[in-house]
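Undergrad: First the structure, which I've put down as structure tokens, then a few questions once you've had a look.
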Amino acid sequence: MASQVEESTKELNEMSISPFGTARSSVNVNPLSEDEVRKMNEYFRATMYLCLGMIYLKENPLLREPLKLDHIKRRLLGHWGSDAGQSFTYIHMNRLIKKYDLDALFISGPGHGAPAVLANSYLEGVYSEVYPDKSEDVEGLRRFFKQFSFPGGIGSHATPETPGSIHEGGELGYSISHAFGSVFDHPDLISVTMVGDGEAETGPLATSWHSTKFLNPITDGAVLPVLHLNGYKINNPTLLARISHKEIESLFYGYGWTPYFVEGSDLPSMHQAMATTMEECVLKIKQYQKQARDSGKAFRPRWPMIVLRTPKGWTGPRHLGDHFLEGFWRSHQVPVADVATNKTSLALLEEWMRSYRPEALFDQSGALIPELKALAPTGIRRMSANPIANGGILRRKLHMPDFRTYATEVKKGGITNVGSMALFATFLRDIVKLNPHHFRVFGPDETESNKLGAIYQAGKKVWMGEYFEEDKDGGNLAPEGRVMEILSEHTVEGWLEGYILSGRHGFLNSYEPFIHIIDSMVNQHCKWLEKCLEVEWRVKVASLNILLTATVWRQDHNGFTHQDPGFLDVVANKSPEVVRIYLPPDANCLLSVMDHCLRSANYVNVIVADKQDHLQFLNMEQAIAHCTKGLGIWDWASNDQGTEPDIVMASCGDVPTHESLAATALLRQHLPELKIRFVNVVDLFKLIPEKEHPHGLSDREYRAIFTNDKPVIFNFHSYPWLIHRLTYKRAGQHNLHVRGYKEKGNIDTPLELAIRNETDRFSLAIDAIDRMPHLNNRGATAREDLLNQQIAARNYAFHEGIDPEELRSWSWPF
């Protein structure tokens, strides 16, 4: 067979890259009987009819009367171009599922590719089971057609309403990484993944081909990508469809895959070619897995993939008037757009739809005829019924150690320095140890840098590439590891999303300044989760947990390019039903917050904590109470007990809390008569009114903390206007003065960076004095002294390259 594949590929290399004609393929065997070809072709025609019906029809679903304008939707929305290739692939995978009893998913990568997936889900009966009003009869089919891209209905992507979907495809580029996420620790699963040739031009998709270097054939399933070269995007040719066979073959061989080609437009020969090629690929997958599992030795095969070249809008009219349609970009969206105003176009649409012969495919009741219905798998072997695609069904609670046993001792707040992240790493290590098959840690080459190296005692970094002798010296590489690292935030985020959507748990750690790379991916996941809350049959999945470290205030050595805390603004824009933001000020709070987040479901949790050593403020009992409340008054740092405060000093974030406490101490030293309340915020959304976020404080609770009439100096980790945005409806908002990062930075010392942005202790204390009019001029001496200290500290940093020792080693003096 190998020599035959090589010979066929050589012939392909010499052929045209046109999608038309009799099938050309890498494997040339005809495994199907004439009757099987006939049935598969009729099933395929049925799906194509449904795809057109979804785009156009609201009445007369089986054309049992002449097509009239009243039967057509007033607004025509949807995409036709990729449907044929997707449905063609889906049907051929169904044959193999039945033949070999496979556990499989179908992931639709092409943009707006839902019609093909929906059509197959409907014909195999799953859609009607999930949505009984979309029954397998004429009325059910009418409702099925009408809902598509229709107000009150469903979208044109494989949205959460789509049975069997874990990938919406609203934004292109993530189908392969989602697919690999789904097969990690699912050893029997094959995720068939359609990759649109437009999608293949994105950076995230290009990188994700490397995912095979992390796939263990003993413990993981397999991804079978089908690169769909239908030639065009919205209005342009696609790059991969306009290069030679040899170049495509070399590209994917270089990525580590074995590409198999199936090309053409002639349906009978294409069915034979796809049947034998897909079967060859599935058998190769099973062969590699058996070899690894029988021997107990993991290795990296050149996994098979398929390059499917078909005309865009395949099976549609070749011409529409004087223009090309099938095989050209005009078939991308609504192929015949003027049916409402052009009787000739309406007649053409009817002729086209009747060419699929719906009267021969559906019985009198409107159901698919039995001989075609029998082609689909049954039960949970139907890809749209696979429980893995509704991962909450499979999700089991993590076995969590008691986070309190990892506490650092804090006898007095603000005295002891501890590495919060290194301490959390020991907790994380034991989570990995206790959950060896359904928990993974993801990150872009930063786990060690982020002080989480203790994890490697329980699970190494997954590595299926070559090994060098020096890797034994701290490389921490292993085929069966639990840490997933590749220097692509897109890929690790996609892996994590696929992993949790298919029923497991995990979290991603990353440098704060570069998490923006996946802003839009997190946006898409938030939208997915929010929509899932409206879909009754969707079971909650584990939360997407993102730990941001190497934060803005400790990027003084890397400079301005590494200073950006704005990811919080992105997350704060999302629905309050699905997002949470936590900024634990010390190690014990970090342990409490992470325990909560890892136990939660259906959220995107963002946790911000620096990786360097920092002052510790709360013992474990205090930390639990503080994190449970989400914010609170630190009594030990306040002196307003039983009286009205003169000012409220507030903070959110570890470094800002340190500076706010230092500012509070300076104020008490210079002006001991002041009554100061110190407030710390862990849960950022506590600041929002309770009517706008489930975590929000009531106005009464907010007033009890911040007062309505006293100045509040709020030192914030990120951009200051986010706090104003969250609190704009609060009474006393005009008294809230927020300090945060203001896009000022360079190669600074930590304190000098804070001074640039006015978040340092001196700036905060001076600001507090300026905000208390009752002081009149009594604070002038203190203000002048603070300004002198700030200037001296800055000059020292410029001359010595480090902050003064007395400031670096500061601790709470009271």
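Identifiers in this document derive from the order of the structure tokens: chains are assigned A, B, ..., residues are numbered from 1 separately in each chain, and ligands are numbered from 1 in order of occurrence.
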Using only C-alpha atoms, which residues sit within 7 Å of range 247-256 of chain A once same-chain residues fewer than 3 positions away are excluded, as a PyMOL selection string?

TA: chain A and resi 209-210+243-244+259+302

Undergrad: Tell me which of A:Ala550, A:Ile17, A:Ala601, A:Met274 sits closest to Ile500 in chain A, counting only C-alpha atoms.

TA: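 Closest candidate: A:Ala601.
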
Undergrad: Under the rule that only C-alpha atoms are counted, which of A:Thr759, A:Asn236, A:Asn390, A:Thr47 is the nearest residue to Pro115 in chain A?

TA: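 Nearest candidate to Pro115 in chain A out of A:Thr759, A:Asn236, A:Asn390, A:Thr47: A:Thr47.
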
Undergrad: Can you tell me which residues surround Ser345 in chain A at a distance of at most 12 Å, considering only C-alpha atoms, apart from same-chain residues fewer than 5 positions away, and format the answer as a PyMOL selection string?

TA: chain A and resi 67-69+317+319-321+335-340+350-352

Undergrad: Restrict the selected residues to all heavy atoms and save them as a short mmCIF file (atom, residue, chain, number, x, y, z; two decimals), in the first residue's frame.

TA:
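The resulting file, selection-v5.cif, is reproduced below:
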data_model
loop_
_atom_site.label_atom_id
_atom_site.label_comp_id
_atom_site.auth_asym_id
_atom_site.auth_seq_id
_atom_site.Cartn_x
_atom_site.Cartn_y
_atom_site.Cartn_z
N LEU A 67 -42.51 26.70 -5.84
CA LEU A 67 -41.84 27.66 -4.96
C LEU A 67 -42.35 29.07 -5.24
O LEU A 67 -42.37 29.54 -6.39
CB LEU A 67 -40.32 27.60 -5.17
CG LEU A 67 -39.47 28.47 -4.23
CD1 LEU A 67 -39.65 28.05 -2.78
CD2 LEU A 67 -38.00 28.40 -4.62
N LYS A 68 -42.77 29.74 -4.18
CA LYS A 68 -43.27 31.11 -4.28
C LYS A 68 -42.44 32.02 -3.40
O LYS A 68 -41.74 31.57 -2.49
CB LYS A 68 -44.73 31.17 -3.82
CG LYS A 68 -45.69 30.30 -4.61
CD LYS A 68 -47.08 30.36 -3.99
CE LYS A 68 -48.04 29.42 -4.70
NZ LYS A 68 -49.38 29.40 -4.04
N LEU A 69 -42.57 33.30 -3.67
CA LEU A 69 -41.83 34.28 -2.89
C LEU A 69 -42.22 34.21 -1.42
O LEU A 69 -41.37 34.45 -0.53
CB LEU A 69 -42.09 35.68 -3.44
CG LEU A 69 -41.11 36.78 -3.04
CD1 LEU A 69 -39.68 36.39 -3.38
CD2 LEU A 69 -41.48 38.10 -3.70
N PRO A 317 -24.97 25.41 -9.24
CA PRO A 317 -24.82 25.75 -10.67
C PRO A 317 -23.43 26.30 -10.94
O PRO A 317 -22.89 27.09 -10.15
CB PRO A 317 -25.89 26.84 -10.88
CG PRO A 317 -26.82 26.71 -9.73
CD PRO A 317 -26.03 26.19 -8.58
N HIS A 319 -22.66 28.31 -13.38
CA HIS A 319 -22.78 29.71 -13.78
C HIS A 319 -24.07 30.30 -13.22
O HIS A 319 -25.08 29.59 -13.06
CB HIS A 319 -22.79 29.87 -15.30
CG HIS A 319 -21.49 29.48 -15.96
ND1 HIS A 319 -21.25 28.20 -16.41
CD2 HIS A 319 -20.37 30.22 -16.22
CE1 HIS A 319 -20.03 28.15 -16.94
NE2 HIS A 319 -19.49 29.36 -16.84
N LEU A 320 -24.04 31.57 -12.94
CA LEU A 320 -25.23 32.34 -12.59
C LEU A 320 -25.23 33.55 -13.49
O LEU A 320 -24.46 34.48 -13.30
CB LEU A 320 -25.20 32.74 -11.11
CG LEU A 320 -26.43 33.50 -10.60
CD1 LEU A 320 -27.68 32.63 -10.70
CD2 LEU A 320 -26.22 33.96 -9.17
N GLY A 321 -26.06 33.49 -14.55
CA GLY A 321 -26.00 34.54 -15.55
C GLY A 321 -24.66 34.50 -16.26
O GLY A 321 -24.22 33.45 -16.74
N PRO A 335 -25.70 32.03 -2.37
CA PRO A 335 -25.27 31.91 -3.77
C PRO A 335 -26.17 32.61 -4.77
O PRO A 335 -25.69 33.13 -5.78
CB PRO A 335 -25.25 30.40 -4.00
CG PRO A 335 -26.12 29.83 -2.94
CD PRO A 335 -26.06 30.74 -1.78
N VAL A 336 -27.47 32.62 -4.54
CA VAL A 336 -28.39 33.35 -5.42
C VAL A 336 -29.11 34.36 -4.53
O VAL A 336 -30.05 34.03 -3.82
CB VAL A 336 -29.41 32.41 -6.10
CG1 VAL A 336 -30.25 33.19 -7.11
CG2 VAL A 336 -28.72 31.24 -6.76
N ALA A 337 -28.65 35.60 -4.57
CA ALA A 337 -29.06 36.57 -3.55
C ALA A 337 -30.28 37.38 -3.93
O ALA A 337 -30.89 38.02 -3.07
CB ALA A 337 -27.89 37.51 -3.25
N ASP A 338 -30.68 37.39 -5.20
CA ASP A 338 -31.73 38.32 -5.64
C ASP A 338 -33.05 37.62 -5.94
O ASP A 338 -33.83 38.08 -6.77
CB ASP A 338 -31.26 39.09 -6.87
CG ASP A 338 -30.97 38.19 -8.06
OD1 ASP A 338 -30.84 36.95 -7.86
OD2 ASP A 338 -30.86 38.72 -9.18
N VAL A 339 -33.34 36.52 -5.24
CA VAL A 339 -34.57 35.78 -5.55
C VAL A 339 -35.82 36.59 -5.23
O VAL A 339 -36.90 36.36 -5.81
CB VAL A 339 -34.61 34.43 -4.79
CG1 VAL A 339 -33.55 33.49 -5.31
CG2 VAL A 339 -34.44 34.65 -3.29
N ALA A 340 -35.71 37.55 -4.31
CA ALA A 340 -36.89 38.34 -3.94
C ALA A 340 -37.25 39.36 -5.01
O ALA A 340 -38.40 39.81 -5.09
CB ALA A 340 -36.64 39.07 -2.61
N GLU A 350 -35.38 27.26 -7.51
CA GLU A 350 -36.28 26.10 -7.43
C GLU A 350 -35.73 24.94 -8.25
O GLU A 350 -35.73 23.78 -7.79
CB GLU A 350 -37.67 26.49 -7.94
CG GLU A 350 -38.65 25.31 -7.87
CD GLU A 350 -40.07 25.70 -8.21
OE1 GLU A 350 -40.28 26.80 -8.77
OE2 GLU A 350 -40.99 24.90 -7.93
N GLU A 351 -35.25 25.22 -9.44
CA GLU A 351 -34.68 24.16 -10.28
C GLU A 351 -33.49 23.50 -9.59
O GLU A 351 -33.35 22.27 -9.60
CB GLU A 351 -34.26 24.76 -11.62
CG GLU A 351 -33.63 23.75 -12.58
CD GLU A 351 -33.12 24.39 -13.86
OE1 GLU A 351 -33.27 25.63 -14.02
OE2 GLU A 351 -32.55 23.67 -14.70
N TRP A 352 -32.66 24.33 -8.98
CA TRP A 352 -31.48 23.81 -8.28
C TRP A 352 -31.90 22.91 -7.11
O TRP A 352 -31.41 21.78 -6.96
CB TRP A 352 -30.65 25.00 -7.80
CG TRP A 352 -29.41 24.67 -7.01
CD1 TRP A 352 -28.85 23.45 -6.81
CD2 TRP A 352 -28.59 25.60 -6.31
NE1 TRP A 352 -27.73 23.56 -6.02
CE2 TRP A 352 -27.54 24.87 -5.71
CE3 TRP A 352 -28.64 26.99 -6.14
CZ2 TRP A 352 -26.56 25.49 -4.93
CZ3 TRP A 352 -27.66 27.60 -5.37
CH2 TRP A 352 -26.63 26.85 -4.78
#

Undergrad: Return as a Markdown table the residues of range 391-432 of chain A lying at most 10 Å from range 622-643 of chain A, together with the closest atom-to-atom pair for each and the distance in Å to one decimal, counting only C-alpha atoms, with rows in chain order and ascending residue number.

TA:
| residue | atom | partner | partner_atom | distance |
| --- | --- | --- | --- | --- |
| A:Arg404 | CA | A:Ile624 | CA | 9.0 |
| A:Ala407 | CA | A:Ala623 | CA | 9.8 |
| A:Val410 | CA | A:Gln622 | CA | 9.9 |
| A:Lys412 | CA | A:Trp636 | CA | 8.8 |
| A:Gly413 | CA | A:Trp636 | CA | 7.5 |
| A:Gly414 | CA | A:Ala637 | CA | 9.2 |

Undergrad: Please provide as an NGL selection string all residues within 8 Å of range 146-153 of chain A, with the sequence filter that same-chain residues fewer than 3 positions apart are discarded (counting only C-alpha atoms).

TA: :A and (54-55 or 57-59 or 73 or 77-78 or 142-143 or 156)

Undergrad: Next, the residues of the selection above should be written as a PDB file, in the first residue's frame with all heavy atoms.

TA:
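New file result-v6.pdb:
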ATOM      1  N   MET A  54     -32.026  25.692   4.677  1.00  0.00           N
ATOM      2  CA  MET A  54     -31.754  26.562   5.831  1.00  0.00           C
ATOM      3  C   MET A  54     -31.506  28.005   5.398  1.00  0.00           C
ATOM      4  O   MET A  54     -31.901  28.948   6.080  1.00  0.00           O
ATOM      5  CB  MET A  54     -30.541  26.031   6.608  1.00  0.00           C
ATOM      6  CG  MET A  54     -30.862  24.880   7.549  1.00  0.00           C
ATOM      7  SD  MET A  54     -29.393  24.338   8.455  1.00  0.00           S
ATOM      8  CE  MET A  54     -28.940  22.887   7.535  1.00  0.00           C
ATOM      9  N   ILE A  55     -30.823  28.176   4.305  1.00  0.00           N
ATOM     10  CA  ILE A  55     -30.509  29.528   3.845  1.00  0.00           C
ATOM     11  C   ILE A  55     -31.747  30.245   3.311  1.00  0.00           C
ATOM     12  O   ILE A  55     -31.948  31.427   3.564  1.00  0.00           O
ATOM     13  CB  ILE A  55     -29.406  29.484   2.765  1.00  0.00           C
ATOM     14  CG1 ILE A  55     -28.083  28.983   3.376  1.00  0.00           C
ATOM     15  CG2 ILE A  55     -29.204  30.854   2.120  1.00  0.00           C
ATOM     16  CD1 ILE A  55     -26.990  28.729   2.358  1.00  0.00           C
ATOM     17  N   LEU A  57     -35.480  28.881   2.947  1.00  0.00           N
ATOM     18  CA  LEU A  57     -36.904  28.582   3.121  1.00  0.00           C
ATOM     19  C   LEU A  57     -37.430  28.844   4.523  1.00  0.00           C
ATOM     20  O   LEU A  57     -36.750  28.559   5.510  1.00  0.00           O
ATOM     21  CB  LEU A  57     -37.172  27.117   2.764  1.00  0.00           C
ATOM     22  CG  LEU A  57     -36.864  26.680   1.324  1.00  0.00           C
ATOM     23  CD1 LEU A  57     -37.270  25.227   1.124  1.00  0.00           C
ATOM     24  CD2 LEU A  57     -37.569  27.582   0.316  1.00  0.00           C
ATOM     25  N   LYS A  58     -38.644  29.354   4.584  1.00  0.00           N
ATOM     26  CA  LYS A  58     -39.384  29.419   5.836  1.00  0.00           C
ATOM     27  C   LYS A  58     -40.700  28.641   5.728  1.00  0.00           C
ATOM     28  O   LYS A  58     -41.345  28.375   6.741  1.00  0.00           O
ATOM     29  CB  LYS A  58     -39.664  30.864   6.235  1.00  0.00           C
ATOM     30  CG  LYS A  58     -40.568  31.638   5.290  1.00  0.00           C
ATOM     31  CD  LYS A  58     -40.892  33.018   5.846  1.00  0.00           C
ATOM     32  CE  LYS A  58     -41.863  33.751   4.916  1.00  0.00           C
ATOM     33  NZ  LYS A  58     -42.295  35.050   5.461  1.00  0.00           N
ATOM     34  N   GLU A  59     -41.104  28.294   4.514  1.00  0.00           N
ATOM     35  CA  GLU A  59     -42.318  27.503   4.266  1.00  0.00           C
ATOM     36  C   GLU A  59     -42.023  26.516   3.133  1.00  0.00           C
ATOM     37  O   GLU A  59     -40.985  26.604   2.478  1.00  0.00           O
ATOM     38  CB  GLU A  59     -43.494  28.414   3.857  1.00  0.00           C
ATOM     39  CG  GLU A  59     -43.872  29.487   4.863  1.00  0.00           C
ATOM     40  CD  GLU A  59     -44.551  28.929   6.109  1.00  0.00           C
ATOM     41  OE1 GLU A  59     -44.962  27.748   6.075  1.00  0.00           O
ATOM     42  OE2 GLU A  59     -44.677  29.677   7.104  1.00  0.00           O
ATOM     43  N   LYS A  73     -37.388  33.352   2.939  1.00  0.00           N
ATOM     44  CA  LYS A  73     -37.100  34.287   4.023  1.00  0.00           C
ATOM     45  C   LYS A  73     -36.891  35.692   3.458  1.00  0.00           C
ATOM     46  O   LYS A  73     -36.331  35.862   2.373  1.00  0.00           O
ATOM     47  CB  LYS A  73     -35.840  33.849   4.787  1.00  0.00           C
ATOM     48  CG  LYS A  73     -35.975  32.504   5.490  1.00  0.00           C
ATOM     49  CD  LYS A  73     -34.662  32.109   6.159  1.00  0.00           C
ATOM     50  CE  LYS A  73     -34.779  30.737   6.828  1.00  0.00           C
ATOM     51  NZ  LYS A  73     -33.512  30.323   7.472  1.00  0.00           N
ATOM     52  N   LEU A  77     -29.586  34.941   4.805  1.00  0.00           N
ATOM     53  CA  LEU A  77     -28.327  34.929   5.534  1.00  0.00           C
ATOM     54  C   LEU A  77     -27.795  33.503   5.594  1.00  0.00           C
ATOM     55  O   LEU A  77     -28.555  32.551   5.670  1.00  0.00           O
ATOM     56  CB  LEU A  77     -28.525  35.461   6.963  1.00  0.00           C
ATOM     57  CG  LEU A  77     -29.107  36.878   7.085  1.00  0.00           C
ATOM     58  CD1 LEU A  77     -29.495  37.164   8.524  1.00  0.00           C
ATOM     59  CD2 LEU A  77     -28.116  37.904   6.591  1.00  0.00           C
ATOM     60  N   GLY A  78     -26.482  33.394   5.577  1.00  0.00           N
ATOM     61  CA  GLY A  78     -25.883  32.067   5.669  1.00  0.00           C
ATOM     62  C   GLY A  78     -24.742  31.912   4.689  1.00  0.00           C
ATOM     63  O   GLY A  78     -24.477  32.800   3.864  1.00  0.00           O
ATOM     64  N   ARG A 142     -39.809  22.268   8.523  1.00  0.00           N
ATOM     65  CA  ARG A 142     -40.110  23.685   8.283  1.00  0.00           C
ATOM     66  C   ARG A 142     -39.533  24.549   9.404  1.00  0.00           C
ATOM     67  O   ARG A 142     -38.894  25.578   9.148  1.00  0.00           O
ATOM     68  CB  ARG A 142     -41.624  23.906   8.191  1.00  0.00           C
ATOM     69  CG  ARG A 142     -42.018  25.348   7.836  1.00  0.00           C
ATOM     70  CD  ARG A 142     -43.504  25.596   8.024  1.00  0.00           C
ATOM     71  NE  ARG A 142     -43.885  25.569   9.426  1.00  0.00           N
ATOM     72  CZ  ARG A 142     -43.697  26.592  10.276  1.00  0.00           C
ATOM     73  NH1 ARG A 142     -43.130  27.710   9.860  1.00  0.00           N
ATOM     74  NH2 ARG A 142     -44.072  26.486  11.534  1.00  0.00           N
ATOM     75  N   ARG A 143     -39.733  24.130  10.631  1.00  0.00           N
ATOM     76  CA  ARG A 143     -39.195  24.882  11.767  1.00  0.00           C
ATOM     77  C   ARG A 143     -37.669  24.857  11.775  1.00  0.00           C
ATOM     78  O   ARG A 143     -37.023  25.854  12.120  1.00  0.00           O
ATOM     79  CB  ARG A 143     -39.733  24.294  13.075  1.00  0.00           C
ATOM     80  CG  ARG A 143     -41.221  24.533  13.280  1.00  0.00           C
ATOM     81  CD  ARG A 143     -41.716  23.807  14.512  1.00  0.00           C
ATOM     82  NE  ARG A 143     -43.100  24.135  14.808  1.00  0.00           N
ATOM     83  CZ  ARG A 143     -43.841  23.499  15.717  1.00  0.00           C
ATOM     84  NH1 ARG A 143     -43.303  22.486  16.396  1.00  0.00           N
ATOM     85  NH2 ARG A 143     -45.087  23.874  15.941  1.00  0.00           N
ATOM     86  N   SER A 156     -25.171  31.134  12.308  1.00  0.00           N
ATOM     87  CA  SER A 156     -24.661  30.381  11.171  1.00  0.00           C
ATOM     88  C   SER A 156     -23.335  29.685  11.453  1.00  0.00           C
ATOM     89  O   SER A 156     -22.712  29.126  10.564  1.00  0.00           O
ATOM     90  CB  SER A 156     -24.490  31.306   9.962  1.00  0.00           C
ATOM     91  OG  SER A 156     -23.596  32.358  10.262  1.00  0.00           O
TER      92      SER A 156
END

Undergrad: So that I can check the surroundings of range 30-37 of chain A, please list as a list in words every protein, DNA and RNA residue that reaches within 9 Å of it, counting only C-alpha atoms and ignoring chain neighbours fewer than 2 positions away.

TA: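 Here the answer would be Asn28, Lys39, Met40, Asn41, Glu42, Leu267, Pro268, Ser269, His271, Gln272, Ala273, Ala275 and Thr276 of chain A.
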
Undergrad: Using the chain letters and numbers from this document, which residues of range 191-370 of chain A does DSSP assign to strand (DSSP E or B), as number ranges by chain?

TA: A: 191-196, 222-229, 232, 237, 258-263, 304-309, 319-320, 323-324, 362, 368

Undergrad: Which is closer to Glu371 in chain A than all the others in A:Val432, A:Phe567, A:Pro576, A:Tyr43, using only C-alpha atoms?

TA: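 With only C-alpha atoms as the atom set, the closest residue is A:Tyr43.
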
Undergrad: From the options A:Glu326, A:Asp610, A:Asp699, A:Glu124, which residue's atoms come nearest to Lys729 in chain A, counting only C-alpha atoms?

TA: A:Asp699

Undergrad: Of the candidates A:Gly113, A:Pro19, A:Pro750, A:Gly81, which one gets nearest to Leu325 in chain A if we count only C-alpha atoms?

TA: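 Ranking A:Gly113, A:Pro19, A:Pro750, A:Gly81 by distance to Leu325 in chain A, first place goes to A:Gly81.
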
Undergrad: So that I can see what lies close to Asp569 in chain A, please list as an MDAnalysis selection string the residues with an atom at most 12 Å from it, counting only C-alpha atoms and leaving out residues fewer than 3 positions away in the same chain.

TA: chainID A and resid 516 519 523 564:566 572:574 579:581 606 684:685 717:726
